[in-house]
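Visitor: The structure is given below, and queries will be raised subsequently.
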Amino acid sequence: MTNARKRPEPPGPKPLRQGPRPLGLHLGMGTALLLSSPAALPLLNANWPHWHPTVRQTAENLRRDLRQNLAQSANQPPNPPDAPLPTEAFAPFAMAVDREMRRRLDRFLTGLERYRHHPYQRDIDDAPTVWCEGATRLLEVGQTGKPVLFVPSLVNRGYILDLSWRKSLLRWLAGLGGDAAGGGGIRPFLLEWGYPGAVERGYSLSDVVAGRLIRALEATCARAGGPVTLVGYCMGGLLALGAALRRPDLVSGYVALATPWDFHADDAAVAQRTAALINPFDPVMRMLGELPVDAVQTLFATLDPLLAYKKFSRFAAMDMASDEADDFVALEDWLNDGVTLPSAIARECLTGWYGENTTGRGEWRVADAPVQPQALRCRSLVIVPARDRIVPPASAAALGTALPGATVWQPSLGHIGMVVSGGAKAKVWAPLREWLLEGN
C-alpha cells in the first residue's frame, strides 16, 4: 500500500468546519454554564439554604471570607452569618465574577473559532479497498503478517484506528506509518461501514451482522488464506461477537475493545434515560429512515454536557502550529465526521440494548439466534478502559466475565484515549500486538 504522508494542500480559504456538532447545542451548554455563576449570586448573598451538598461548604466558606474581608477593611465586627452582605462588600465580588465569566466565555469561543479555521487536514489516505458491498468497504492496511479484521462502531468512521501519520494503531501494527518502531507482524484489515444509502436504511442489526459483516469476514479470510482474528471497537465488539458465533470456522480469535455488554451493570436508570432520548427523534426517523448525525451527537453530548466547553477552552491555549494542536484537530474532525444510524438499528440499540439490556440478559438475537458469549470457543481478550466515560467499565467488564477463559485488561485510559492518546502505544498497542502474535 502507499504509505507516504500526504503533502499539504495549496494555501487558500477553506470552508469552515461544521463542528463541534451540533454546534448550537455545545454553544448553548457552554454559555449556560458560564451564565449560571452570575445567576446564582443573589442566592449566595441571601444565604440560600438549598445548595447541593457538593457545593454547600464552598458557598459557606465564600460568604464567611466576604464577611471577614469587609469587617477587616471597616475595622468592625463581622455581620451575623445569616445576614445578607452589604452592597459595599458584595458588589466588587459580583463584578469580579462577571469579569471571570466573560474571560472564560472568550476563551471558549476563541477555541471554537481556532478549531473551525485550523489548516490541518488528514495527512494520510485510506488504505486500499479490497472488497466492497453497498456503502461498506474493506481496507487492507498491510500485506504481510497475521491477518486481523478490525470492526468499528456503526455510528463513527473506522479511521479512528488509522487517524493520522502519528496516531495510527493499524499502521503501527503493520510496521508502517510515521512512528512504526516496535510494531509490525500484523496484517490489519479495516471495515469501513460507510454512510447508509437506500439499501442500508432498511437494515436491522441482523442484516448487518448475519449479512454484510459475515460477507466481509468471508472476503477477508479468502484474501488472507484462512481464519482471522476479529477485533471489535465499542459497538463493533458486539457486532464482531455476533459474527464470530455464527461463523466460528472463520475466526481464530476475538478481541473486544471498550465493548459494552451489561448496559445496566453500572446504573440502570441512566441507561434507561439514555434509551428514552430516542423518543423525540421518532418523527424524524420515520420520515428519513435514519437517526441523523446531529441527533446521534446529541446523545453522546448528554454523557458529559460540558465536555466541549472544557476541551475547546484548553485548545485555545495551545500553539496552533504544534503537533498537539494538529492531533486535537485530527480527533475532533473524526468525532464530527459521524454516520447516520438506520432507524431499525437505532431503536434496537437504544431501546433494546440500553433500555431493556437485551445483551446483558442474554436476550439479544441475531437472525433468530441468541448471542451468547459463553458459546465462543476461540481465544478471547477483553480490554476495559478504566477511565471510560462512554462505556462504563462495569458494562465492558461483564463481557470478560461471560466469555469462557477470556483475558481481561484494564488500562488506565479513556474510551478514545485507548487508541490515540500518548499512553496508548505502551498500554494498549504493544500488549495487543503481543497477544495477537501469540495466537500463531
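Residues are named by chain letter and number: chains run A, B, ... in the order of the C-alpha cells, numbers start at 1 in each chain, and ligands are numbered from 1 in the order shown.
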Running DSSP on the backbone, which parts of range 204-316 of chain A land in strand (DSSP E or B), as an mmCIF file with C-alpha atoms, in the first residue's frame?
Guide:
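Output (out_35.cif):
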data_model
loop_
_atom_site.group_PDB
_atom_site.id
_atom_site.type_symbol
_atom_site.label_atom_id
_atom_site.label_comp_id
_atom_site.auth_asym_id
_atom_site.auth_seq_id
_atom_site.Cartn_x
_atom_site.Cartn_y
_atom_site.Cartn_z
ATOM 1 C CA VAL A 228 -8.614 -14.341 11.083
ATOM 2 C CA THR A 229 -8.801 -12.679 14.474
ATOM 3 C CA LEU A 230 -11.768 -10.352 14.894
ATOM 4 C CA VAL A 231 -11.194 -7.125 16.840
ATOM 5 C CA GLY A 232 -14.285 -5.057 17.629
ATOM 6 C CA TYR A 233 -14.147 -1.487 18.928
ATOM 7 C CA VAL A 251 -12.456 -16.827 13.408
ATOM 8 C CA SER A 252 -9.226 -17.758 15.210
ATOM 9 C CA GLY A 253 -9.527 -15.173 17.994
ATOM 10 C CA TYR A 254 -11.757 -12.427 19.328
ATOM 11 C CA VAL A 255 -10.844 -9.074 20.922
ATOM 12 C CA ALA A 256 -13.302 -6.585 22.427
ATOM 13 C CA LEU A 257 -12.032 -3.003 22.812
ATOM 14 C CA GLU A 290 -32.422 7.011 9.905
ATOM 15 C CA LEU A 291 -31.270 8.807 13.020
#
Visitor: Can you tell me which residues surround Ala396 in chain A at a distance of at most 6 Å, considering only C-alpha atoms, apart from same-chain residues fewer than 3 positions away, and format the answer as an MDAnalysis selection string?
Guide: chainID A and resid 259:261 384 393 399
Visitor: Check which residues of range 68-168 of chain A sit at most 9 Å from range 194-201 of chain A using only C-alpha atoms, and return one row each with the closest pair of atoms and their distance in Å to one decimal, ordered by chain and rising number, as a Markdown table.
Guide:
| residue | atom | partner | partner_atom | distance |
| --- | --- | --- | --- | --- |
| A:Gly134 | CA | A:Val199 | CA | 7.6 |
| A:Ala135 | CA | A:Gly194 | CA | 4.9 |
| A:Thr136 | CA | A:Gly194 | CA | 5.2 |
| A:Arg137 | CA | A:Gly194 | CA | 7.3 |
| A:Leu154 | CA | A:Gly194 | CA | 8.4 |
| A:Arg157 | CA | A:Gly194 | CA | 7.3 |
| A:Gly158 | CA | A:Gly194 | CA | 8.8 |
Visitor: Would you kindly return, as a PyMOL selection string, each protein, DNA or RNA residue with an atom no farther than 10 Å from any atom of range 21-29 of chain A, considering only C-alpha atoms and excluding same-chain residues fewer than 5 positions away?
Guide: chain A and resi 34-35+105+108-109+112+293-298+301+305-309+332+335-338
Visitor: Once you have the residues from the selection above, write them out as an mmCIF file, in the first residue's frame, restricted to N, CA, C and O atoms.
Guide:
data_model
loop_
_atom_site.group_PDB
_atom_site.id
_atom_site.type_symbol
_atom_site.label_atom_id
_atom_site.label_comp_id
_atom_site.auth_asym_id
_atom_site.auth_seq_id
_atom_site.Cartn_x
_atom_site.Cartn_y
_atom_site.Cartn_z
ATOM 1 N N LEU A 34 -21.589 29.144 32.048
ATOM 2 C CA LEU A 34 -20.934 30.369 32.499
ATOM 3 C C LEU A 34 -21.939 31.361 33.081
ATOM 4 O O LEU A 34 -21.659 32.034 34.076
ATOM 5 N N LEU A 35 -23.117 31.452 32.483
ATOM 6 C CA LEU A 35 -24.123 32.383 32.984
ATOM 7 C C LEU A 35 -24.717 31.934 34.314
ATOM 8 O O LEU A 35 -25.362 32.732 35.010
ATOM 9 N N LEU A 105 -15.709 32.792 28.818
ATOM 10 C CA LEU A 105 -16.512 32.703 27.595
ATOM 11 C C LEU A 105 -15.665 33.054 26.379
ATOM 12 O O LEU A 105 -15.737 32.388 25.336
ATOM 13 N N PHE A 108 -13.428 30.075 25.567
ATOM 14 C CA PHE A 108 -14.208 29.004 24.940
ATOM 15 C C PHE A 108 -14.492 29.322 23.471
ATOM 16 O O PHE A 108 -14.248 28.494 22.573
ATOM 17 N N LEU A 109 -14.973 30.536 23.202
ATOM 18 C CA LEU A 109 -15.297 30.911 21.818
ATOM 19 C C LEU A 109 -14.035 31.010 20.961
ATOM 20 O O LEU A 109 -14.048 30.686 19.776
ATOM 21 N N LEU A 112 -13.150 27.504 19.905
ATOM 22 C CA LEU A 112 -14.042 27.051 18.837
ATOM 23 C C LEU A 112 -13.637 27.630 17.485
ATOM 24 O O LEU A 112 -13.547 26.918 16.482
ATOM 25 N N VAL A 293 -27.033 12.443 12.001
ATOM 26 C CA VAL A 293 -25.752 12.560 12.692
ATOM 27 C C VAL A 293 -25.865 13.482 13.903
ATOM 28 O O VAL A 293 -25.385 13.159 14.997
ATOM 29 N N ASP A 294 -26.483 14.639 13.737
ATOM 30 C CA ASP A 294 -26.555 15.579 14.850
ATOM 31 C C ASP A 294 -27.392 15.028 15.997
ATOM 32 O O ASP A 294 -27.157 15.364 17.162
ATOM 33 N N ALA A 295 -28.362 14.179 15.703
ATOM 34 C CA ALA A 295 -29.122 13.537 16.769
ATOM 35 C C ALA A 295 -28.241 12.540 17.517
ATOM 36 O O ALA A 295 -28.281 12.459 18.753
ATOM 37 N N VAL A 296 -27.439 11.780 16.776
ATOM 38 C CA VAL A 296 -26.510 10.850 17.416
ATOM 39 C C VAL A 296 -25.519 11.619 18.290
ATOM 40 O O VAL A 296 -25.229 11.232 19.436
ATOM 41 N N GLN A 297 -25.003 12.734 17.756
ATOM 42 C CA GLN A 297 -24.053 13.538 18.525
ATOM 43 C C GLN A 297 -24.701 14.144 19.764
ATOM 44 O O GLN A 297 -24.048 14.318 20.799
ATOM 45 N N THR A 298 -25.971 14.463 19.677
ATOM 46 C CA THR A 298 -26.684 14.967 20.845
ATOM 47 C C THR A 298 -26.740 13.921 21.945
ATOM 48 O O THR A 298 -26.564 14.225 23.132
ATOM 49 N N ALA A 301 -23.479 13.855 23.598
ATOM 50 C CA ALA A 301 -23.251 15.057 24.405
ATOM 51 C C ALA A 301 -23.880 14.947 25.783
ATOM 52 O O ALA A 301 -23.388 15.555 26.746
ATOM 53 N N PRO A 305 -22.182 16.885 29.321
ATOM 54 C CA PRO A 305 -22.655 18.098 28.657
ATOM 55 C C PRO A 305 -21.627 19.221 28.579
ATOM 56 O O PRO A 305 -21.753 20.113 27.738
ATOM 57 N N LEU A 306 -20.619 19.205 29.441
ATOM 58 C CA LEU A 306 -19.651 20.301 29.467
ATOM 59 C C LEU A 306 -18.334 19.921 28.799
ATOM 60 O O LEU A 306 -17.366 20.678 28.878
ATOM 61 N N LEU A 307 -18.280 18.773 28.135
ATOM 62 C CA LEU A 307 -17.021 18.335 27.543
ATOM 63 C C LEU A 307 -16.525 19.311 26.489
ATOM 64 O O LEU A 307 -15.331 19.648 26.452
ATOM 65 N N ALA A 308 -17.401 19.780 25.609
ATOM 66 C CA ALA A 308 -16.971 20.698 24.555
ATOM 67 C C ALA A 308 -16.417 21.985 25.159
ATOM 68 O O ALA A 308 -15.383 22.500 24.710
ATOM 69 N N TYR A 309 -17.089 22.513 26.174
ATOM 70 C CA TYR A 309 -16.597 23.733 26.826
ATOM 71 C C TYR A 309 -15.189 23.518 27.375
ATOM 72 O O TYR A 309 -14.291 24.347 27.180
ATOM 73 N N GLU A 332 -10.910 15.783 16.618
ATOM 74 C CA GLU A 332 -12.200 16.473 16.534
ATOM 75 C C GLU A 332 -12.838 16.294 15.160
ATOM 76 O O GLU A 332 -14.058 16.126 15.049
ATOM 77 N N LEU A 335 -14.451 12.968 15.228
ATOM 78 C CA LEU A 335 -15.657 12.979 16.048
ATOM 79 C C LEU A 335 -16.834 13.607 15.312
ATOM 80 O O LEU A 335 -17.983 13.172 15.456
ATOM 81 N N ASN A 336 -16.549 14.638 14.530
ATOM 82 C CA ASN A 336 -17.620 15.344 13.824
ATOM 83 C C ASN A 336 -17.967 14.710 12.478
ATOM 84 O O ASN A 336 -18.910 15.132 11.826
ATOM 85 N N ASP A 337 -17.192 13.717 12.075
ATOM 86 C CA ASP A 337 -17.447 13.004 10.820
ATOM 87 C C ASP A 337 -18.293 11.767 11.124
ATOM 88 O O ASP A 337 -17.938 10.643 10.787
ATOM 89 N N GLY A 338 -19.413 11.998 11.814
ATOM 90 C CA GLY A 338 -20.248 10.886 12.253
ATOM 91 C C GLY A 338 -21.065 10.290 11.123
ATOM 92 O O GLY A 338 -21.095 10.780 9.999
#
Visitor: Range 102-215 of chain A: which residues are alpha helix (DSSP H) by DSSP, as number ranges by chain?
Guide: A: 102-117, 169-173, 205-206, 214-215
Visitor: Could you jot down the CA of Trp172 in chain A to CA of Asn156 in chain A separation for me, Å, one decimal place?
Guide: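 Atom-to-atom, CA of Trp172 in chain A to CA of Asn156 in chain A, that is 21.1 Å.
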Visitor: Calculated over only C-alpha atoms, which of the candidates A:Lys311, A:Glu100, A:Leu138, A:Pro128 has the smallest distance to Pro20 in chain A?
Guide: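 Nearest to Pro20 in chain A: A:Lys311.
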